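J.: Dropping a structure here in structure tokens format, bear with me for questions.
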Amino acid sequence: MSSQTAQLLDGKALAQRIQEELAQQIQTLQAQNQRLPGLAVLMVGDNPASAAYVRNKERACQKVGIASFGRQFPTETTQAEVEQAIQALNQDDRVDGILVQLPLPEHLDAVALLNQIDPSKDVDGLHPVNMGRLVRGEPGLRSCTPAGVMRLLQEYQIDPKGKHAVVIGRSILVGKPQALLLLEADATVTIAHSKTQNLAAIASSADILIAAIGRPGLITADMVKPGATVIDVGINRITDYEGKSYLVGDVEFETVRQVAEFITPVPGGIGPMTVAMLLSNTVQSYHQQHS
């Protein structure tokens, strides 16, 4: 083990700077008497974690000057009703970005709803058109969390080119687009997941290790190559023996930071970057609609 601890990749500070830059852009639009960029976040049901995420997104919109057109629907809302709301937002010239907050109640088909979103307003980057553009290496809206990871690597001058990147997790939201973005940046990419054999051996071969599987403390120090960059995408709420609740990632932070060269904290790492990239995608969509 190294006698020095890893340098923290401060996503919170970078996200703050990105939001300040977006706010300046929007102030310029206001000075030119142009309309503000608009974001609509749709939430169905009363999931407490989702409600907290939506509030954070709405506060961030307000902070930078993005108009918010969010809607909350009761749990029993039908598929057809949500689809109608999405179609109306597709036609609304004030709205540049549409996001459906996941997870949805079990009776709703999330994939079908996401596919209803106009790809040019798909600020979560999950529509098949935008995913296809990512696969082909064409410009388009990118999934917010993976885009936030890449922006954070860029900020700290961690170039993936020629390095072995291991992504643990294969979700459509993070794992798969993350692997494609790293491949686009000339990394050699391995995707591991819950069924992977010899996970520790694969993880410990990574120059850049990205944990996005949703299991608290999955990545331990013996699974990390000395000097590696460790990106923790996991956000897990756990309760200690005193009944106190707090957030942890997928990485056993205190031990891994003794081995890695760079590491993201939880909270304060990728979470703020995800929100920042959502706002950035909304402004990008606005400019594309006005080009």
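Residue numbering restarts at 1 in every chain; chains get A, B, ... in the order shown in the structure tokens, and ligands count up from 1 in that same order.
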So which residues touch Ile18 in chain A within 12 Å, counting only C-alpha atoms, skipping near sequence neighbours fewer than 4 positions away, as a VMD selection string?
T.: chain A and resid 11 to 14 22 to 25 60 63 to 64 148 151 to 152 155 272 to 281 283
J.: Quick one: contact table of range 151-215 of chain A to range 118-135 of chain A, 10 Å max, nearest atom pair and distance in Å to one decimal per residue, counting only C-alpha atoms, chain and number order, as a tab-separated table?
T.:
```
residue	atom	partner	partner_atom	distance
A:Ile172	CA	A:Leu126	CA	7.6
A:Leu173	CA	A:Leu126	CA	7.1
A:Lys176	CA	A:Met131	CA	9.6
A:Pro177	CA	A:Leu134	CA	7.6
A:Leu180	CA	A:Val135	CA	6.7
A:Leu181	CA	A:Leu134	CA	7.6
A:Leu183	CA	A:Val135	CA	9.8
A:Glu184	CA	A:Leu134	CA	8.8
```
J.: Check the smallest atom-to-atom distance from each of A:Thr255, A:Gln157, A:Ser50, A:Thr282 to Arg94 in chain A using only C-alpha atoms, then report the winner.
T.: A:Thr282
J.: Grab the CA of Gly271 in chain A to CA of Ala187 in chain A distance for me, in Å with one decimal place.
T.: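 For CA of Gly271 in chain A relative to CA of Ala187 in chain A, the distance reads 23.3 Å.
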J.: How many Å separate CA of Tyr246 in chain A from CA of Ala6 in chain A?
T.: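 Between these atoms lies a distance of 22.5 Å.
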J.: Please, what distance in Å, to one decimal, runs between CA of Ile208 in chain A and CA of Leu247 in chain A?
T.: 22.9 Å
J.: Need to verify the contact set: Ile86 in chain A, 12 Å, only C-alpha atoms, exclusion of same-chain residues closer than 6 positions in sequence. Can you return it as a count of residues only?
T.: 25
J.: Could you check the closest approach to Val174 in chain A for each of A:Pro146, A:Pro103, A:Pro267, A:Gly234 and tell me which residue wins, using only C-alpha atoms?
T.: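 Smallest separation from Val174 in chain A among the options: A:Pro146.
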J.: Running DSSP on the backbone, which parts of range 113-212 of chain A land in alpha helix (DSSP H), as a ChimeraX atom specification?
T.: /A:113-116,128-136,144-155,175-184,199-203
